[in-house]
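Q: What follows is coords11.cif, made up of mmCIF, C-alpha atoms and all ligand atoms:
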```
data_structure
loop_
_atom_site.label_atom_id
_atom_site.label_comp_id
_atom_site.auth_asym_id
_atom_site.auth_seq_id
_atom_site.Cartn_x
_atom_site.Cartn_y
_atom_site.Cartn_z
CA MET A 17 131.77 75.19 9.84
CA ALA A 18 131.81 73.68 6.30
CA GLU A 19 133.98 70.83 7.60
CA LEU A 20 131.53 70.18 10.41
CA GLN A 21 128.61 70.10 7.94
CA GLU A 22 130.53 67.61 5.78
CA LYS A 23 131.13 65.27 8.73
CA PHE A 24 127.49 65.58 9.78
CA ASN A 25 126.26 64.67 6.26
CA LYS A 26 128.64 61.70 6.15
CA ILE A 27 127.18 60.31 9.40
CA ILE A 28 123.61 60.82 8.11
CA SER A 29 124.38 59.04 4.82
CA GLU A 30 125.97 56.13 6.75
CA ILE A 31 122.80 55.83 8.83
CA GLU A 32 120.62 56.07 5.71
CA SER A 33 122.55 53.23 4.03
CA LYS A 34 122.16 51.02 7.14
CA ILE A 35 118.52 51.69 8.10
CA GLN A 36 116.14 50.48 5.42
CA ASN A 37 112.87 51.16 7.25
CA LYS A 38 111.76 54.70 6.32
CA GLU A 39 109.85 55.27 9.58
CA GLU A 40 112.86 54.21 11.71
CA LEU A 41 115.20 56.32 9.57
CA ASP A 42 113.07 59.46 10.00
CA PHE A 43 112.88 58.78 13.75
CA ILE A 44 116.68 58.45 14.05
CA LYS A 45 117.28 61.57 11.91
CA GLU A 46 114.92 63.55 14.10
CA LYS A 47 116.68 62.37 17.28
CA ILE A 48 120.08 63.23 15.82
CA SER A 49 118.74 66.67 14.96
CA ASN A 50 117.55 67.05 18.58
CA ILE A 51 120.97 66.05 19.90
CA SER A 52 122.63 68.54 17.53
CA THR A 53 120.37 71.32 18.79
CA LEU A 54 121.22 70.46 22.40
CA PHE A 55 124.93 70.69 21.64
CA LEU A 56 124.55 73.92 19.66
CA ASP A 57 122.59 75.50 22.53
CA GLN A 58 125.31 74.44 24.95
CA LEU A 59 127.95 75.83 22.58
CA ASP A 60 126.11 79.17 22.45
CA LYS A 61 126.06 79.29 26.25
CA VAL A 62 129.81 78.64 26.39
CA ILE A 63 130.44 81.36 23.80
CA ASP A 64 128.21 83.80 25.73
CA LEU A 65 130.06 82.95 28.93
CA ASN A 66 133.42 83.54 27.26
CA THR A 67 132.19 86.86 25.84
CA ALA A 68 130.99 87.90 29.29
CA ARG A 69 134.40 86.96 30.74
CA MET A 70 136.20 88.94 28.04
CA ASP A 71 133.98 91.95 28.80
CA GLU A 72 134.76 91.53 32.49
CA ILE A 73 138.50 91.43 31.78
CA ALA A 74 138.22 94.52 29.57
CA GLU A 75 136.27 96.31 32.30
CA ASN A 76 138.87 95.35 34.92
CA GLN A 77 141.55 96.67 32.59
CA THR A 78 139.68 99.99 32.30
CA ILE A 79 139.39 100.22 36.10
CA LEU A 80 143.10 99.40 36.44
CA ASN A 81 144.03 102.05 33.87
CA ARG A 82 141.91 104.60 35.75
CA LYS A 83 143.61 103.65 39.04
CA ILE A 84 147.05 103.98 37.44
CA ALA A 85 146.06 107.39 36.04
CA ASN A 86 144.91 108.45 39.53
CA ILE A 87 148.19 107.28 41.06
CA GLU A 88 150.14 109.14 38.39
CA GLN A 89 148.12 112.29 39.07
CA PHE A 90 148.69 111.82 42.80
CA MET A 91 152.46 111.43 42.26
CA HIS A 92 152.45 114.47 40.01
CA ASN A 93 150.68 116.53 42.69
CA ILE A 94 153.16 115.40 45.35
CA GLU A 95 156.01 116.34 43.02
CA LYS A 96 154.43 119.75 42.42
CA ASP A 97 153.87 120.30 46.18
CA ILE A 98 157.50 119.50 46.95
CA TYR A 99 158.70 121.76 44.16
CA MET A 100 156.42 124.60 45.25
CA ASP A 101 157.44 124.36 48.91
CA ASP A 102 161.05 124.85 47.86
CA ASN A 103 160.21 127.91 45.81
CA CYS A 104 157.82 129.82 48.05
CA ASP A 105 160.59 131.83 49.68
CA PHE A 106 160.58 135.03 47.69
CA GLU A 107 163.69 137.15 47.61
CA ILE A 108 163.23 140.88 48.30
CA ILE A 109 165.78 143.65 47.91
CA CYS A 110 164.89 146.67 49.99
CA PRO A 111 164.88 149.83 47.83
CA TYR A 112 165.74 151.95 50.90
CA CYS A 113 168.78 150.13 52.31
CA ASN A 114 169.49 147.41 49.70
CA ASN A 115 169.06 144.74 52.36
CA GLU A 116 168.34 141.33 50.82
CA PHE A 117 165.85 139.16 52.67
CA GLU A 118 163.38 136.36 51.95
CA ILE A 119 159.66 136.19 52.63
CA ASP A 120 157.49 133.08 52.69
CA ILE A 121 154.58 133.54 50.28
CA SER A 122 153.28 129.97 50.53
CA GLU A 123 150.45 130.88 52.93
CA GLU A 124 149.41 134.40 51.91
CA VAL A 125 150.49 136.88 49.29
CA LYS A 126 151.18 140.25 50.88
CA ASN A 127 151.01 143.56 49.03
CA GLU A 128 153.50 145.27 51.32
CA ILE A 129 156.23 144.12 53.69
CA GLU A 130 158.38 145.73 56.34
CA CYS A 131 162.11 145.59 55.78
CA PRO A 132 163.66 143.81 58.81
CA GLU A 133 166.72 146.07 58.55
CA CYS A 134 165.47 149.65 58.07
CA HIS A 135 161.80 148.98 58.92
CA ASN A 136 160.52 150.90 55.92
CA ILE A 137 157.37 149.54 54.25
CA ILE A 138 158.13 148.09 50.83
CA GLU A 139 155.23 147.83 48.38
CA LEU A 140 155.24 144.62 46.41
CA ASP A 141 154.15 144.76 42.79
CA TRP A 142 153.49 141.09 42.04
CA ASN A 143 152.52 141.68 38.41
CA GLN A 144 155.92 143.14 37.70
CA GLU A 145 157.78 140.46 39.65
CA GLU A 146 156.02 137.69 37.72
CA GLN A 147 157.53 138.82 34.44
CA HIS A 148 161.08 138.73 35.78
CA SER A 149 161.29 135.82 38.18
CA CYS A 150 158.82 133.26 36.89
CA ASN A 151 160.18 130.18 35.17
CA GLY A 152 156.78 128.52 35.00
CA HIS A 153 156.71 126.83 38.38
CA CYS A 154 156.56 129.51 41.07
CA CYS A 155 153.52 129.62 43.31
CA SER A 156 153.00 133.36 43.07
CA CYS A 157 151.70 133.20 39.54
CA GLY A 158 150.43 129.63 39.18
CA SER A 159 147.55 130.34 36.83
CA GLU A 160 149.43 132.40 34.27
CA CYS A 161 152.35 129.99 34.09
CA GLU A 162 150.00 127.03 33.62
CA ASP A 163 148.30 128.89 30.76
CA GLU A 164 151.67 129.08 29.05
CA ASP A 165 152.18 125.33 29.51
CA ASP A 166 148.72 124.65 28.08
CA ASN A 167 149.49 126.66 24.98
CA ASP A 168 152.65 124.64 24.44
CA ASP A 169 150.63 121.45 24.55
CA GLU A 170 148.20 122.73 21.94
CA ASP A 171 151.03 123.60 19.58
CA MET A 172 152.19 119.98 19.58
ZN ZN B 1 165.50 148.27 54.18
#
```
Output the structure of this file as structure tokens.
Ligand SMILES: [Zn+2]
A:
Amino acid sequence: MAELQEKFNKIISEIESKIQNKEELDFIKEKISNISTLFLDQLDKVIDLNTARMDEIAENQTILNRKIANIEQFMHNIEKDIYMDDNCDFEIICPYCNNEFEIDISEEVKNEIECPECHNIIELDWNQEEQHSCNGHCCSCGSECEDEDDNDDEDM
């Protein structure tokens, strides 16, 4: 800006040395001032426009980031669904005949189940099973396992 001021003053002094009539000189200086104002106004508009464009770009970036985050969440959910579907067969050992069989607990969690071999009713104690079988990703104890994960995050 100092360089611009210097050039401006140089032009004015050149005009002053050429124009001897004071009235004409004042008139020319005033017109030059008017021209300068016009250009400065235009410059401000260009700067405003650029600022608006930068804001727009930043806003687009924010929207993009949000979309990417949504996609990542979506992918994560798909991953979790696939993993859970694989692990919703729960292995049961009948206490009456030692028959091993699997039940599907993806749709409903049952409290008792009939052994397909000896047809005795086996009571299922899910609280106890959680402690032994859960590695943090089974669907029978989702909430408690996620709590453990959350705690890990807080420690970091
Ligand atoms: Zn049985």
Q: Between A:Asn86, A:Asn76, A:Asn66, A:Asn136, which one has atoms that come closest to ligand ZN 1 (chain B), using all atoms listed in the file?
A: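 Answer, going by the shortest atom-to-atom distance: A:Asn136.
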Q: List all protein, DNA and RNA residues that have any atom at most 8 Å from ligand ZN 1 (chain B), counting only C-alpha atoms and all ligand atoms, and write the list as a compact mmCIF listing (two decimals) with C-alpha atoms, keeping the file's coordinate frame.
A:
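Below you can see out.txt, which holds the result:
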```txt
# COMPACT_ATOMS: atom_id res chain seq x y z
CA ILE A 109 165.78 143.65 47.91
CA CYS A 110 164.89 146.67 49.99
CA PRO A 111 164.88 149.83 47.83
CA TYR A 112 165.74 151.95 50.90
CA CYS A 113 168.78 150.13 52.31
CA ASN A 114 169.49 147.41 49.70
CA ASN A 115 169.06 144.74 52.36
CA GLU A 130 158.38 145.73 56.34
CA CYS A 131 162.11 145.59 55.78
CA PRO A 132 163.66 143.81 58.81
CA GLU A 133 166.72 146.07 58.55
CA CYS A 134 165.47 149.65 58.07
CA HIS A 135 161.80 148.98 58.92
CA ASN A 136 160.52 150.90 55.92
```
Q: Could you tell me how far CA of Phe43 (chain A) lies from CA of Phe24 (chain A), in Å and to one decimal?
A: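 Here the two named atoms are 16.6 Å from each other.
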Q: Write out as a PyMOL selection string each polymer residue whose atoms come within 7 Å of Asp105 (chain A), counting all atoms listed in the file; drop sequence neighbours fewer than 3 positions from it.
A: chain A and resi 118-121
Q: Mind giving me the straight-line distance from CA of Asp57 (chain A) to CA of Glu30 (chain A) in Å, one decimal?
A: 25.2 Å
Q: Skip Lys126 (chain A) itself and residues of its chain fewer than 5 positions away, then list as a list in words all residues within 12 Å of it, counting all atoms listed in the file.
A: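 What passes the distance filter is Phe106, Ile119, Asp120, Ile121, Ile137, Ile138, Glu139, Leu140, Asp141, Trp142 and Ser156 of chain A.
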Q: Got a sec to check which residues sit within 12 Å of (121.7, 57.8, 8.4), counting only C-alpha atoms, and write them as a list in words?
A: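 Checked against the point, the hits come out as Phe24, Asn25, Lys26, Ile27, Ile28, Ser29, Glu30, Ile31, Glu32, Ser33, Lys34, Ile35, Gln36, Asn37, Lys38, Glu40, Leu41, Asp42, Phe43, Ile44, Lys45, Glu46, Lys47, Ile48 and Ser49 of chain A.
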Q: What separation in Å, quoted to one decimal, exists between CA of Val62 (chain A) and CA of Asn50 (chain A)?
A: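 For CA of Val62 (chain A) relative to CA of Asn50 (chain A), the distance reads 18.6 Å.
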